[in-house]
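The data block below is start-v1.txt; it holds compact mmCIF, C-alpha atoms.
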# COMPACT_ATOMS: atom_id res chain seq x y z
CA MET A 1048 25.12 -38.71 59.42
CA LEU A 1049 25.80 -35.03 58.61
CA GLN A 1050 28.35 -34.79 61.45
CA ILE A 1051 30.16 -37.89 60.19
CA SER A 1052 30.34 -36.46 56.64
CA VAL A 1053 31.79 -33.17 57.91
CA LEU A 1054 34.41 -35.04 59.96
CA LEU A 1055 35.43 -37.12 56.95
CA ILE A 1056 35.86 -33.95 54.83
CA LEU A 1057 37.98 -32.28 57.52
CA LEU A 1058 40.06 -35.42 57.92
CA ASN A 1059 40.66 -35.55 54.16
CA LEU A 1060 41.76 -31.88 54.12
CA ALA A 1061 44.11 -32.51 57.02
CA LEU A 1062 45.69 -35.46 55.27
CA CYS A 1063 46.14 -33.36 52.12
CA TRP A 1064 47.78 -30.61 54.16
CA LEU A 1065 50.14 -33.07 55.84
CA THR A 1066 51.13 -34.65 52.55
CA GLN A 1067 51.84 -31.27 50.85
CA ASP A 1068 55.51 -30.44 50.44
CA ARG A 1069 56.74 -27.55 52.59
CA ASN A 1070 59.42 -26.86 49.96
CA VAL A 1071 56.81 -25.11 47.70
CA GLU A 1072 54.66 -22.16 48.68
CA LEU A 1073 51.95 -20.36 46.73
CA HIS A 1074 51.50 -16.63 47.24
CA VAL A 1075 48.20 -15.17 46.00
CA ASP A 1076 47.49 -11.45 45.55
CA PRO A 1077 44.75 -10.67 46.34
CA VAL A 1078 42.81 -13.54 47.86
CA SER A 1079 39.58 -11.51 47.65
CA LEU A 1080 38.86 -9.47 44.52
CA LEU A 1081 36.13 -8.20 42.25
CA GLU A 1082 35.20 -9.44 38.81
CA GLY A 1083 37.40 -7.82 36.20
CA GLU A 1084 40.45 -7.48 38.45
CA ARG A 1085 43.69 -9.42 38.00
CA LEU A 1086 44.73 -12.35 40.15
CA LYS A 1087 48.49 -12.84 40.63
CA LEU A 1088 49.88 -16.25 41.56
CA ASN A 1089 53.51 -16.71 42.63
CA CYS A 1090 54.89 -20.21 43.12
CA ARG A 1091 58.12 -20.23 45.20
CA TYR A 1092 60.55 -23.10 45.74
CA LYS A 1093 62.59 -23.27 48.93
CA TYR A 1094 65.84 -23.86 47.08
CA TYR A 1095 67.36 -22.31 43.99
CA ILE A 1096 66.83 -24.42 40.89
CA TRP A 1097 69.87 -24.41 38.62
CA ARG A 1098 68.26 -26.53 36.00
CA SER A 1099 64.85 -25.57 34.52
CA LYS A 1100 61.85 -27.35 35.93
CA ASP A 1101 58.18 -27.54 35.11
CA SER A 1102 55.93 -25.27 37.21
CA VAL A 1103 52.17 -25.97 37.09
CA PHE A 1104 49.26 -23.95 38.55
CA TYR A 1105 45.97 -25.53 39.54
CA LYS A 1106 42.44 -24.44 40.43
CA ASN A 1107 40.32 -26.96 42.30
CA GLY A 1108 42.78 -29.63 41.26
CA LYS A 1109 42.66 -28.85 37.53
CA LYS A 1110 45.66 -27.52 35.67
CA ILE A 1111 45.20 -23.94 34.50
CA HIS A 1112 48.75 -22.94 33.50
CA ALA A 1113 52.22 -24.45 33.10
CA VAL A 1114 55.66 -22.87 32.59
CA TRP A 1115 59.23 -24.13 32.25
CA PHE A 1116 61.56 -22.02 34.39
CA PRO A 1117 64.95 -21.91 36.19
CA GLY A 1118 65.49 -20.18 39.56
CA ARG A 1119 63.31 -20.20 42.70
CA GLU A 1120 59.85 -18.94 41.60
CA SER A 1121 57.42 -18.72 38.72
CA SER A 1122 54.45 -16.39 38.28
CA TYR A 1123 51.07 -16.48 36.62
CA SER A 1124 48.61 -13.59 36.27
CA THR A 1125 45.04 -13.84 35.01
CA LYS A 1126 41.93 -11.68 34.83
CA VAL A 1127 38.94 -13.04 36.75
CA ASN A 1128 35.73 -12.52 34.81
CA SER A 1129 33.14 -14.06 37.10
CA THR A 1130 32.50 -15.56 40.50
CA ASN A 1131 33.13 -18.92 38.87
CA ASP A 1132 36.84 -18.09 39.17
CA SER A 1133 36.55 -18.49 42.96
CA GLY A 1134 38.07 -21.68 44.36
CA TRP A 1135 41.18 -23.40 45.72
CA TYR A 1136 44.45 -22.56 43.97
CA SER A 1137 47.75 -24.42 44.25
CA CYS A 1138 51.00 -24.93 42.37
CA LYS A 1139 53.56 -27.68 41.82
CA ILE A 1140 57.26 -27.53 40.98
CA GLY A 1141 58.72 -30.80 39.92
CA GLY A 1142 57.32 -33.34 42.35
CA SER A 1143 56.64 -30.83 45.15
CA GLU A 1144 53.17 -29.26 45.64
CA SER A 1145 52.07 -26.22 47.64
CA ARG A 1146 49.19 -25.89 50.05
CA ASN A 1147 45.75 -24.87 48.64
CA VAL A 1148 44.92 -21.18 48.92
CA SER A 1149 41.28 -20.05 48.86
CA VAL A 1150 40.42 -17.23 46.44
CA GLN A 1151 37.07 -15.46 46.53
CA VAL A 1152 35.83 -13.46 43.52
CA ARG A 1153 33.02 -11.05 44.36
CA GLU A 1154 30.36 -9.92 41.90
CA ARG A 1155 30.88 -6.45 40.46
CA PHE A 1156 27.30 -6.37 39.12
CA ALA A 1157 24.41 -8.81 38.91
CA LYS A 1158 23.18 -10.58 35.80
CA PRO A 1159 20.93 -8.20 33.84
CA LEU A 1160 17.18 -8.57 33.78
CA LEU A 1161 15.27 -8.44 30.50
CA ARG A 1162 11.76 -6.95 30.62
CA VAL A 1163 9.25 -7.08 27.74
CA GLU A 1164 6.37 -4.64 27.35
CA PRO A 1165 3.44 -4.90 26.90
CA ALA A 1166 3.87 -8.71 27.09
CA PRO A 1167 5.93 -11.53 25.59
CA GLU A 1168 2.88 -12.58 23.54
CA VAL A 1169 1.16 -9.91 21.43
CA PHE A 1170 -0.64 -9.53 18.11
CA GLU A 1171 1.30 -8.31 15.10
CA GLY A 1172 1.22 -4.62 14.41
CA LEU A 1173 1.65 -3.62 18.05
CA PRO A 1174 4.89 -2.05 19.36
CA VAL A 1175 7.09 -4.17 21.63
CA THR A 1176 9.78 -2.68 23.87
CA LEU A 1177 12.63 -4.62 25.52
CA THR A 1178 14.44 -3.07 28.48
CA CYS A 1179 17.71 -4.35 29.94
CA THR A 1180 18.40 -3.41 33.58
CA VAL A 1181 21.10 -4.28 36.13
CA ARG A 1182 19.61 -4.13 39.62
CA GLU A 1183 22.68 -4.83 41.75
CA ALA A 1184 25.75 -2.93 40.69
CA ARG A 1185 28.41 -0.74 42.28
CA THR A 1186 27.82 2.97 41.78
CA SER A 1187 31.00 3.50 39.77
CA VAL A 1188 30.03 0.90 37.14
CA HIS A 1189 29.01 2.11 33.67
CA PHE A 1190 27.35 -0.09 31.07
CA HIS A 1191 26.65 -0.53 27.40
CA TYR A 1192 23.93 -2.95 26.34
CA SER A 1193 23.39 -5.38 23.49
CA PHE A 1194 20.26 -7.28 22.47
CA TYR A 1195 19.98 -10.64 20.76
CA ARG A 1196 17.33 -12.66 18.97
CA ASP A 1197 18.15 -16.34 18.56
CA SER A 1198 21.80 -15.38 19.31
CA ALA A 1199 21.91 -12.82 16.46
CA GLY A 1200 22.79 -9.25 17.46
CA LEU A 1201 20.17 -6.49 17.27
CA GLU A 1202 20.57 -2.72 17.15
CA ALA A 1203 19.44 -0.81 20.23
CA VAL A 1204 17.85 2.65 20.33
CA PRO A 1205 20.57 5.31 19.78
CA GLY A 1206 21.17 7.19 23.03
CA HIS A 1207 19.05 4.65 24.91
CA ASP A 1208 21.01 1.47 24.36
CA PHE A 1209 19.34 -0.19 27.35
CA MET A 1210 16.17 -0.35 25.21
CA TYR A 1211 15.27 -2.16 22.02
CA THR A 1212 11.96 -1.31 20.30
CA ILE A 1213 10.00 -3.15 17.63
CA ASN A 1214 7.71 -0.43 16.30
CA ALA A 1215 5.23 -2.74 14.56
CA ALA A 1216 5.84 -6.37 15.40
CA THR A 1217 5.47 -8.99 12.67
CA VAL A 1218 5.18 -12.76 12.97
CA ASN A 1219 8.71 -13.34 11.67
CA VAL A 1220 10.32 -11.52 14.64
CA SER A 1221 9.17 -14.21 17.07
CA GLY A 1222 12.07 -15.88 18.84
CA ASN A 1223 14.26 -16.14 21.93
CA TYR A 1224 15.45 -12.73 23.09
CA ALA A 1225 18.22 -11.86 25.56
CA CYS A 1226 20.23 -8.80 26.52
CA GLU A 1227 23.85 -8.34 27.56
CA ALA A 1228 25.28 -5.73 29.93
CA ILE A 1229 28.87 -4.71 29.14
CA GLU A 1230 30.92 -3.00 31.87
CA THR A 1231 33.10 -0.56 29.97
CA VAL A 1232 36.15 -0.25 32.28
CA HIS A 1233 36.90 -3.93 32.77
CA SER A 1234 35.07 -5.16 29.63
CA LEU A 1235 32.91 -7.52 31.62
CA ARG A 1236 29.92 -9.08 29.91
CA LYS A 1237 26.86 -10.66 31.48
CA ARG A 1238 23.86 -11.97 29.60
CA SER A 1239 20.28 -12.16 30.87
CA ASP A 1240 18.05 -15.19 30.83
CA SER A 1241 16.29 -15.52 27.47
CA ILE A 1242 12.59 -14.78 26.98
CA TYR A 1243 10.56 -16.23 24.12
CA ILE A 1244 8.54 -13.52 22.39
CA SER A 1245 5.61 -14.80 20.35
CA ILE A 1246 4.03 -12.46 17.78
CA LYS A 1247 0.61 -13.82 16.83
CA GLN A 1248 -1.08 -13.18 13.53
CA ALA A 1249 -3.77 -10.49 13.91
CA PHE A 1250 -5.55 -11.54 10.70
CA ALA A 1251 -4.71 -13.75 7.77
CA VAL A 1252 -3.21 -12.53 4.50
CA PRO A 1253 -6.18 -11.77 2.20
CA ILE A 1254 -6.98 -13.85 -0.85
CA LEU A 1255 -8.49 -12.19 -3.92
CA ILE A 1256 -11.21 -14.29 -5.58
CA MET A 1257 -13.04 -13.56 -8.86
CA HIS A 1258 -16.61 -14.51 -9.78
CA PRO A 1259 -17.14 -15.89 -12.34
CA GLU A 1260 -13.83 -17.67 -12.72
CA GLU A 1261 -14.14 -18.42 -16.46
CA GLN A 1262 -13.30 -16.15 -19.39
CA LEU A 1263 -14.98 -12.75 -19.12
CA PHE A 1264 -16.64 -10.91 -21.99
CA ASP A 1265 -17.47 -7.31 -22.66
CA GLY A 1266 -20.53 -6.18 -20.67
CA GLN A 1267 -20.45 -9.11 -18.25
CA ARG A 1268 -20.94 -8.68 -14.49
CA VAL A 1269 -17.74 -9.23 -12.47
CA LYS A 1270 -17.38 -9.54 -8.71
CA LEU A 1271 -14.06 -9.47 -6.83
CA VAL A 1272 -14.02 -10.72 -3.23
CA CYS A 1273 -11.20 -9.92 -0.78
CA TRP A 1274 -11.38 -12.94 1.55
CA VAL A 1275 -9.71 -13.07 4.97
CA GLU A 1276 -9.73 -16.63 6.31
CA ALA A 1277 -9.08 -15.83 9.98
CA ASN A 1278 -9.18 -12.76 12.22
CA PRO A 1279 -7.92 -13.88 15.68
CA SER A 1280 -7.62 -10.31 16.95
CA GLN A 1281 -11.29 -9.70 16.05
CA ALA A 1282 -10.29 -6.28 14.78
CA SER A 1283 -12.54 -4.24 12.51
CA LEU A 1284 -11.11 -4.72 9.02
CA ARG A 1285 -11.28 -2.34 6.07
CA PHE A 1286 -10.80 -3.34 2.43
CA SER A 1287 -9.48 -1.51 -0.64
CA PHE A 1288 -9.13 -2.64 -4.27
CA TYR A 1289 -6.54 -1.76 -6.93
CA ARG A 1290 -6.12 -2.19 -10.69
CA ASN A 1291 -2.61 -1.88 -12.10
CA GLY A 1292 -1.57 -0.31 -8.79
CA LEU A 1293 -4.21 2.43 -8.94
CA LEU A 1294 -6.87 2.72 -6.25
CA LEU A 1295 -10.35 1.64 -7.39
CA GLN A 1296 -12.18 1.53 -4.07
CA SER A 1297 -11.06 3.43 -0.98
CA PRO A 1298 -10.80 1.52 2.34
CA SER A 1299 -14.30 0.55 3.48
CA ASP A 1300 -16.17 -2.22 5.28
CA LEU A 1301 -17.10 -3.77 1.92
CA SER A 1302 -15.04 -6.84 1.15
CA ASP A 1303 -16.16 -7.02 -2.48
CA TYR A 1304 -15.87 -4.89 -5.61
CA ILE A 1305 -18.51 -5.24 -8.32
CA SER A 1306 -18.50 -4.11 -11.94
CA GLU A 1307 -22.03 -4.56 -13.31
CA SER A 1308 -20.83 -4.22 -16.91
CA ALA A 1309 -17.13 -4.86 -17.35
CA ARG A 1310 -15.41 -3.37 -20.38
CA PRO A 1311 -12.16 -4.31 -22.14
CA ALA A 1312 -10.66 -1.17 -20.60
CA ASP A 1313 -11.20 -2.84 -17.21
CA SER A 1314 -8.66 -5.55 -18.10
CA GLY A 1315 -5.57 -5.50 -15.90
CA THR A 1316 -3.87 -6.79 -12.76
CA TYR A 1317 -5.98 -6.57 -9.61
CA HIS A 1318 -5.18 -6.94 -5.92
CA CYS A 1319 -6.77 -5.96 -2.63
CA GLU A 1320 -5.40 -4.70 0.68
CA VAL A 1321 -6.73 -5.11 4.20
CA THR A 1322 -5.99 -3.01 7.27
CA ASP A 1323 -6.99 -3.06 10.92
CA GLY A 1324 -5.70 0.47 11.39
CA LYS A 1325 -2.27 -0.69 12.55
CA LEU A 1326 -0.94 -2.83 9.71
CA TRP A 1327 -1.71 -3.49 6.06
CA LYS A 1328 -1.72 -6.82 4.27
CA ARG A 1329 -1.75 -7.29 0.52
CA SER A 1330 -3.44 -10.11 -1.37
CA ASN A 1331 -2.34 -12.17 -4.33
CA GLN A 1332 -2.68 -10.66 -7.80
CA LEU A 1333 -5.27 -11.68 -10.40
CA TYR A 1334 -5.12 -10.75 -14.06
CA LEU A 1335 -8.55 -10.03 -15.57
CA SER A 1336 -8.89 -10.19 -19.33
CA ILE A 1337 -12.17 -8.80 -20.68
CA ARG A 1338 -12.63 -10.06 -24.24
CA ARG A 1339 -14.36 -7.89 -26.82
CA ILE A 1340 -17.52 -9.24 -28.49
CA PRO A 1341 -17.68 -9.28 -32.31
CA VAL A 1342 -20.36 -6.97 -33.68
CA SER A 1343 -23.42 -8.73 -35.09
CA LYS A 1344 -24.99 -8.20 -38.52
CA PRO A 1345 -26.85 -4.89 -38.47
CA GLU A 1346 -30.54 -4.34 -39.19
CA LEU A 1347 -31.70 -1.21 -40.99
CA THR A 1348 -35.18 0.19 -40.40
CA ILE A 1349 -36.99 3.29 -41.72
CA HIS A 1350 -38.91 5.67 -39.52
CA PRO A 1351 -41.84 6.21 -39.65
CA GLY A 1352 -42.03 3.50 -42.36
CA LYS A 1353 -40.80 2.60 -45.83
CA TYR A 1354 -43.57 4.74 -47.40
CA LEU A 1355 -42.58 8.35 -46.79
CA ILE A 1356 -44.70 11.32 -47.80
CA GLU A 1357 -42.90 13.95 -49.77
CA GLY A 1358 -42.05 16.95 -47.56
CA ASP A 1359 -42.20 15.02 -44.29
CA THR A 1360 -39.08 14.02 -42.36
CA GLY A 1361 -37.72 10.51 -42.18
CA SER A 1362 -34.78 8.69 -40.67
CA LEU A 1363 -32.76 5.49 -41.02
CA ILE A 1364 -32.02 3.45 -37.90
CA CYS A 1365 -29.06 1.04 -37.97
CA SER A 1366 -28.98 -1.33 -34.97
CA VAL A 1367 -27.06 -4.40 -33.77
CA SER A 1368 -28.06 -7.03 -31.21
CA ASN A 1369 -24.59 -7.26 -29.65
CA GLY A 1370 -21.01 -6.15 -30.04
CA SER A 1371 -18.30 -4.42 -28.03
CA LEU A 1372 -18.42 -0.66 -28.05
CA PRO A 1373 -17.56 1.65 -29.65
CA ILE A 1374 -19.13 0.71 -32.99
CA TYR A 1375 -18.41 2.47 -36.27
CA TYR A 1376 -21.59 3.06 -38.32
CA GLN A 1377 -21.89 3.97 -42.02
CA PHE A 1378 -25.02 4.63 -44.12
CA TYR A 1379 -25.20 4.15 -47.92
CA ASN A 1380 -27.70 4.74 -50.69
CA SER A 1381 -28.39 2.58 -53.74
CA SER A 1382 -25.40 4.04 -55.56
CA ASN A 1383 -23.23 2.92 -52.65
CA VAL A 1384 -22.49 6.55 -51.85
CA GLU A 1385 -21.69 7.08 -48.17
CA LEU A 1386 -24.32 9.33 -46.61
CA TYR A 1387 -23.12 9.46 -43.01
CA ARG A 1388 -20.60 7.93 -40.65
CA GLU A 1389 -20.12 8.04 -36.87
CA LEU A 1390 -18.24 6.21 -34.08
CA SER A 1391 -20.81 5.57 -31.34
CA ASN A 1392 -20.99 4.01 -27.87
CA SER A 1393 -24.51 2.74 -28.58
CA THR A 1394 -25.92 -0.38 -30.22
CA GLU A 1395 -28.01 1.77 -32.61
CA LEU A 1396 -27.52 4.96 -34.57
CA VAL A 1397 -30.08 7.22 -36.27
CA TYR A 1398 -29.42 9.03 -39.54
CA ASN A 1399 -31.93 11.80 -40.19
CA ILE A 1400 -32.69 12.19 -43.88
CA GLY A 1401 -34.50 15.50 -43.44
CA ALA A 1402 -37.38 16.70 -45.69
CA ILE A 1403 -38.23 13.85 -48.05
CA ASN A 1404 -38.30 14.38 -51.83
CA ARG A 1405 -38.40 12.19 -54.90
CA ARG A 1406 -34.58 11.95 -55.02
CA ASP A 1407 -34.58 10.08 -51.69
CA GLU A 1408 -36.46 7.16 -53.18
CA GLY A 1409 -34.45 3.96 -53.58
CA LEU A 1410 -32.46 1.28 -51.75
CA TYR A 1411 -30.43 1.89 -48.59
CA HIS A 1412 -28.15 -0.18 -46.36
CA CYS A 1413 -25.79 0.34 -43.42
CA SER A 1414 -22.55 -1.25 -42.25
CA VAL A 1415 -20.97 -1.64 -38.81
CA ARG A 1416 -17.60 -2.68 -37.44
CA ASN A 1417 -15.68 -2.62 -34.14
CA GLU A 1418 -12.17 -3.47 -32.98
CA VAL A 1419 -12.92 -7.21 -33.21
CA THR A 1420 -14.93 -7.47 -36.41
CA GLY A 1421 -14.60 -6.03 -39.89
CA PRO A 1422 -17.51 -4.43 -41.80
CA GLN A 1423 -20.88 -6.17 -41.43
CA HIS A 1424 -23.61 -5.06 -43.90
CA SER A 1425 -27.34 -4.94 -43.42
CA GLU A 1426 -29.92 -6.10 -45.96
CA ASP A 1427 -31.05 -3.46 -48.44
CA ILE A 1428 -34.28 -1.66 -47.62
CA GLU A 1429 -36.34 0.46 -50.05
CA ILE A 1430 -37.82 3.89 -49.42
CA THR A 1431 -40.94 4.77 -51.40
CA VAL A 1432 -41.82 8.48 -51.59
CA ILE A 1433 -45.50 9.47 -51.92
CA GLY A 1434 -46.02 12.59 -54.02
CA GLU A 1435 -48.07 15.72 -53.22
CA PHE A 1436 -51.06 14.69 -55.46
CA THR A 1437 -51.36 11.38 -53.67
CA ARG A 1438 -50.99 13.20 -50.36
CA THR A 1439 -54.10 15.32 -51.01
CA LEU A 1440 -56.19 12.22 -51.72
CA SER A 1441 -55.08 10.29 -48.67
CA GLN A 1442 -57.31 10.00 -45.67
CA ARG A 1443 -57.13 8.44 -42.32
CA VAL A 1444 -59.08 5.38 -41.28
CA THR A 1445 -60.82 6.33 -38.06
CA GLU A 1446 -62.30 3.03 -36.98
CA PRO A 1447 -60.96 1.99 -33.54
CA SER A 1448 -59.94 -1.42 -34.83
CA VAL A 1449 -58.00 -0.13 -37.84
CA GLN A 1450 -55.77 2.89 -37.89
CA GLY A 1451 -53.63 3.77 -40.85
CA ILE A 1452 -53.56 5.72 -44.13
CA LEU A 1453 -55.45 4.99 -47.31
CA LEU A 1454 -53.18 5.85 -50.19
CA LEU A 1455 -54.61 6.51 -53.62
CA ARG A 1456 -51.81 5.69 -56.04
CA PRO A 1457 -52.36 6.62 -59.75
CA THR A 1458 -51.82 3.88 -62.29
CA GLN A 1459 -50.91 4.11 -65.99
CA SER A 1460 -54.62 4.06 -66.85
CA TRP A 1461 -55.24 7.09 -64.58
CA CYS A 1462 -57.24 4.94 -62.20
CA PHE A 1463 -56.47 5.00 -58.56
CA VAL A 1464 -55.44 1.94 -56.58
CA VAL A 1465 -56.34 2.09 -52.89
CA GLU A 1466 -53.64 0.88 -50.54
CA HIS A 1467 -53.84 0.69 -46.76
CA ARG A 1468 -50.63 1.40 -44.82
CA THR A 1469 -50.71 0.84 -41.10
CA LEU A 1470 -49.22 3.64 -39.09
CA GLY A 1471 -45.97 2.93 -37.29

Since I need it in another form, could you write the structure as structure tokens?
Amino acid sequence: MLQISVLLILLNLALCWLTQDRNVELHVDPVSLLEGERLKLNCRYKYYIWRSKDSVFYKNGKKIHAVWFPGRESSYSTKVNSTNDSGWYSCKIGGSESRNVSVQVRERFAKPLLRVEPAPEVFEGLPVTLTCTVREARTSVHFHYSFYRDSAGLEAVPGHDFMYTINAATVNVSGNYACEAIETVHSLRKRSDSIYISIKQAFAVPILIMHPEEQLFDGQRVKLVCWVEANPSQASLRFSFYRNGLLLQSPSDLSDYISESARPADSGTYHCEVTDGKLWKRSNQLYLSIRRIPVSKPELTIHPGKYLIEGDTGSLICSVSNGSLPIYYQFYNSSNVELYRELSNSTELVYNIGAINRRDEGLYHCSVRNEVTGPQHSEDIEITVIGEFTRTLSQRVTEPSVQGILLLRPTQSWCFVVEHRTLG
């Protein structure tokens, strides 16, 4: 069967040759050439043509050029850019056609080869280098190179344009890559086969979570968790936390940040960052608002008790059960004269009266306020001062079950009334 097919092809070529008009000849220069060189075709008619005729050039039976000319010959010159320009060339003038002439275009250099290191599939954060090489080329050929991702041009390394480097690959640079070798003398271009480069996510973008999620109040415990959903690279991750862009916790293995007693000053915008040593990823932002607590009504107490012995020392203690710090304290006597004031970061404040005398006897109260609440006043409390005469007649009760002071207080009838005051 193969022999029959070959015979039929030869017979067909012979018939074509016999039917071609000897009045038209095609001259080709050269019939063997390299890519980038020029091919000259000259179509000659046996007789001089006084009136203009149509001259058509063909390659493998397809029209490639046409010209309207007078005289005996027409010419066509073209640059051959690849071996695809090889084939059978012919021409036709009027109704006369030349014989087919075989033209062979040889490769000046081979199609470039694209190499990817370390591999076409890597985790993000790693460097990736693309190298474009031409293995088969004539020694006199000089090249420039271009790189492409999804047909978009990329910039090569200056001075090393046969290389393209991605210093720290990210997921969004995945795509189909190719390179192109450009022969500078003849401006020939050849592109490599494309390679799909897949950059895999090393670890997920962190998510910042707050516990509790409801409104936070002054003094409440707050926990921030920097959560990474997936870590395909199984890298050792380190976490850091920020408030208003300022570092709160340096990179460590701890994925949470805890404030045992959050204050209004801790309010702000928080985020966390995660690193595997090669790349950093930043979380979403959370705004924490720590609300101040109104100060409660104060309670005023006397130390060591409301009965104070003349000459001893005593103090007033103003305290609150709750309230955001700092708290502004004020102490007053019965004439509403301010005795002492102080801004304190404590829920109680002590005012030392000093050595007690008869002038200290009377009613006292204190007031408190903070940035949330206006003045809150305590109930009045009375100080009773025991004089020196009474002091000399007092004695301690020594029984184990009762400890205190027996006070002998003179009455208008110069009798003494015995009172028992428990110590404390």

| Pick from A:Arg1310, A:Arg1406, A:Lys1328, A:Arg1146 nearest to Arg1285 (chain A), counting only C-alpha atoms |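 Closest to Arg1285 (chain A), using only C-alpha atoms: A:Lys1328.
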
| query | Using all atoms listed in the file, which of A:Val1321, A:Ile1229, A:Ile1213, A:Leu1263 sits nearest Ser1283 (chain A)? | reply | A:Val1321

| So how far away is CA of Phe1116 (chain A) from CA of Glu1082 (chain A), in Å? | 29.5 Å

| request: Considering all atoms listed in the file, return as a ChimeraX atom specification whatever protein or nucleic-acid residues lie within 9 Å of region 1349-1351 of chain A, sequence-local ones (same chain, fewer than 5 positions apart) excluded. | output: /A:1360-1364,1428-1430,1470-1471

Can you find the residues with an atom no farther than 10 Å from (-17.5, 7.6, -23.6), counting all atoms listed in the file, and report them as a PDB file with C-alpha atoms, keeping the file's coordinate frame?
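Once written, selection_26.pdb looks like this:
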ATOM      1  CA  LEU A1372     -18.420  -0.660 -28.050  1.00  0.00           C
ATOM      2  CA  PRO A1373     -17.560   1.650 -29.650  1.00  0.00           C
ATOM      3  CA  SER A1391     -20.810   5.570 -31.340  1.00  0.00           C
ATOM      4  CA  ASN A1392     -20.990   4.010 -27.870  1.00  0.00           C
ATOM      5  CA  SER A1393     -24.510   2.740 -28.580  1.00  0.00           C
TER       6      SER A1393
END

| request: Using all atoms listed in the file, determine which residues lie at most 12 Å from Gln1151 (chain A), disregarding the query and same-chain residues fewer than 2 positions distant; provide the list as an MDAnalysis selection string. | output: chainID A and resid 1075:1082 1084 1086 1127 1129:1136 1148:1149 1153:1154

| Could you list as a ChimeraX atom specification every residue that has an atom within 6 Å of (53.3, -17.0, 47.4), using the file's coordinates and counting only C-alpha atoms? | /A:1072-1075,1089-1090

| field | Between CA of Val1232 (chain A) and CA of Tyr1192 (chain A), distance in Å (one decimal) | value |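 It comes out at 13.9 Å.
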
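The spacing separating CA of Glu1276 (chain A) from CA of Leu1173 (chain A) amounts to 20.9 Å.
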
| Pick from A:Phe1264, A:Tyr1094, A:Phe1378, A:Phe1190, whichever lies nearest to Val1397 (chain A) using only C-alpha atoms |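 Among A:Phe1264, A:Tyr1094, A:Phe1378, A:Phe1190, it is A:Phe1378 that comes nearest to Val1397 (chain A).
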
| Nearby residues (only C-alpha atoms) at most 9 Å from Val1272 (chain A), same-chain spacing under 5 positions excluded, as a ChimeraX atom specification | /A:1254-1258,1302-1305,1319

| request: Could you tell me which of A:Val1150, A:Cys1179, A:Leu1396, A:Leu1333 comes closest to Arg1238 (chain A) if we count all atoms listed in the file? | output: A:Cys1179

| task | Excluding Asn1380 (chain A) and residues on its chain fewer than 5 positions from it, collect all residues at most 8 Å away from it, counting only C-alpha atoms, and give them as an NGL selection string. | result | :A and (1385-1386 or 1409-1412)

| Within 12 Å of Arg1091 (chain A), counting all atoms listed in the file, which residues qualify if same-chain residues fewer than 2 places away don't, as a count of residues only? | 34

Supply region 1293-1301 of chain A as a PDB file, in the frame of the given file, with N, CA, C and O atoms built in where the input has gaps.
ATOM      1  N   LEU A1293      -3.425   1.226  -9.185  1.00  0.00           N
ATOM      2  CA  LEU A1293      -4.210   2.430  -8.940  1.00  0.00           C
ATOM      3  C   LEU A1293      -5.446   2.093  -8.125  1.00  0.00           C
ATOM      4  O   LEU A1293      -6.110   1.072  -8.364  1.00  0.00           O
ATOM      5  N   LEU A1294      -5.766   2.961  -7.172  1.00  0.00           N
ATOM      6  CA  LEU A1294      -6.870   2.720  -6.250  1.00  0.00           C
ATOM      7  C   LEU A1294      -8.206   2.764  -6.986  1.00  0.00           C
ATOM      8  O   LEU A1294      -8.512   3.715  -7.702  1.00  0.00           O
ATOM      9  N   LEU A1295      -9.014   1.703  -6.821  1.00  0.00           N
ATOM     10  CA  LEU A1295     -10.350   1.640  -7.390  1.00  0.00           C
ATOM     11  C   LEU A1295     -11.415   1.930  -6.342  1.00  0.00           C
ATOM     12  O   LEU A1295     -12.407   2.592  -6.612  1.00  0.00           O
ATOM     13  N   GLN A1296     -11.206   1.383  -5.159  1.00  0.00           N
ATOM     14  CA  GLN A1296     -12.180   1.530  -4.070  1.00  0.00           C
ATOM     15  C   GLN A1296     -11.438   1.846  -2.783  1.00  0.00           C
ATOM     16  O   GLN A1296     -10.613   1.064  -2.331  1.00  0.00           O
ATOM     17  N   SER A1297     -11.714   3.007  -2.217  1.00  0.00           N
ATOM     18  CA  SER A1297     -11.060   3.430  -0.980  1.00  0.00           C
ATOM     19  C   SER A1297     -11.397   2.477   0.159  1.00  0.00           C
ATOM     20  O   SER A1297     -12.413   1.765   0.107  1.00  0.00           O
ATOM     21  N   PRO A1298     -10.544   2.434   1.220  1.00  0.00           N
ATOM     22  CA  PRO A1298     -10.800   1.520   2.340  1.00  0.00           C
ATOM     23  C   PRO A1298     -12.217   1.672   2.892  1.00  0.00           C
ATOM     24  O   PRO A1298     -12.665   2.778   3.201  1.00  0.00           O
ATOM     25  N   SER A1299     -12.927   0.556   2.971  1.00  0.00           N
ATOM     26  CA  SER A1299     -14.300   0.550   3.480  1.00  0.00           C
ATOM     27  C   SER A1299     -14.575  -0.808   4.114  1.00  0.00           C
ATOM     28  O   SER A1299     -13.740  -1.724   4.072  1.00  0.00           O
ATOM     29  N   ASP A1300     -15.778  -0.946   4.681  1.00  0.00           N
ATOM     30  CA  ASP A1300     -16.170  -2.220   5.280  1.00  0.00           C
ATOM     31  C   ASP A1300     -16.553  -3.258   4.242  1.00  0.00           C
ATOM     32  O   ASP A1300     -16.733  -4.429   4.579  1.00  0.00           O
ATOM     33  N   LEU A1301     -16.683  -2.847   2.977  1.00  0.00           N
ATOM     34  CA  LEU A1301     -17.100  -3.770   1.920  1.00  0.00           C
ATOM     35  C   LEU A1301     -15.918  -4.622   1.476  1.00  0.00           C
ATOM     36  O   LEU A1301     -14.884  -4.095   1.064  1.00  0.00           O
TER      37      LEU A1301
END
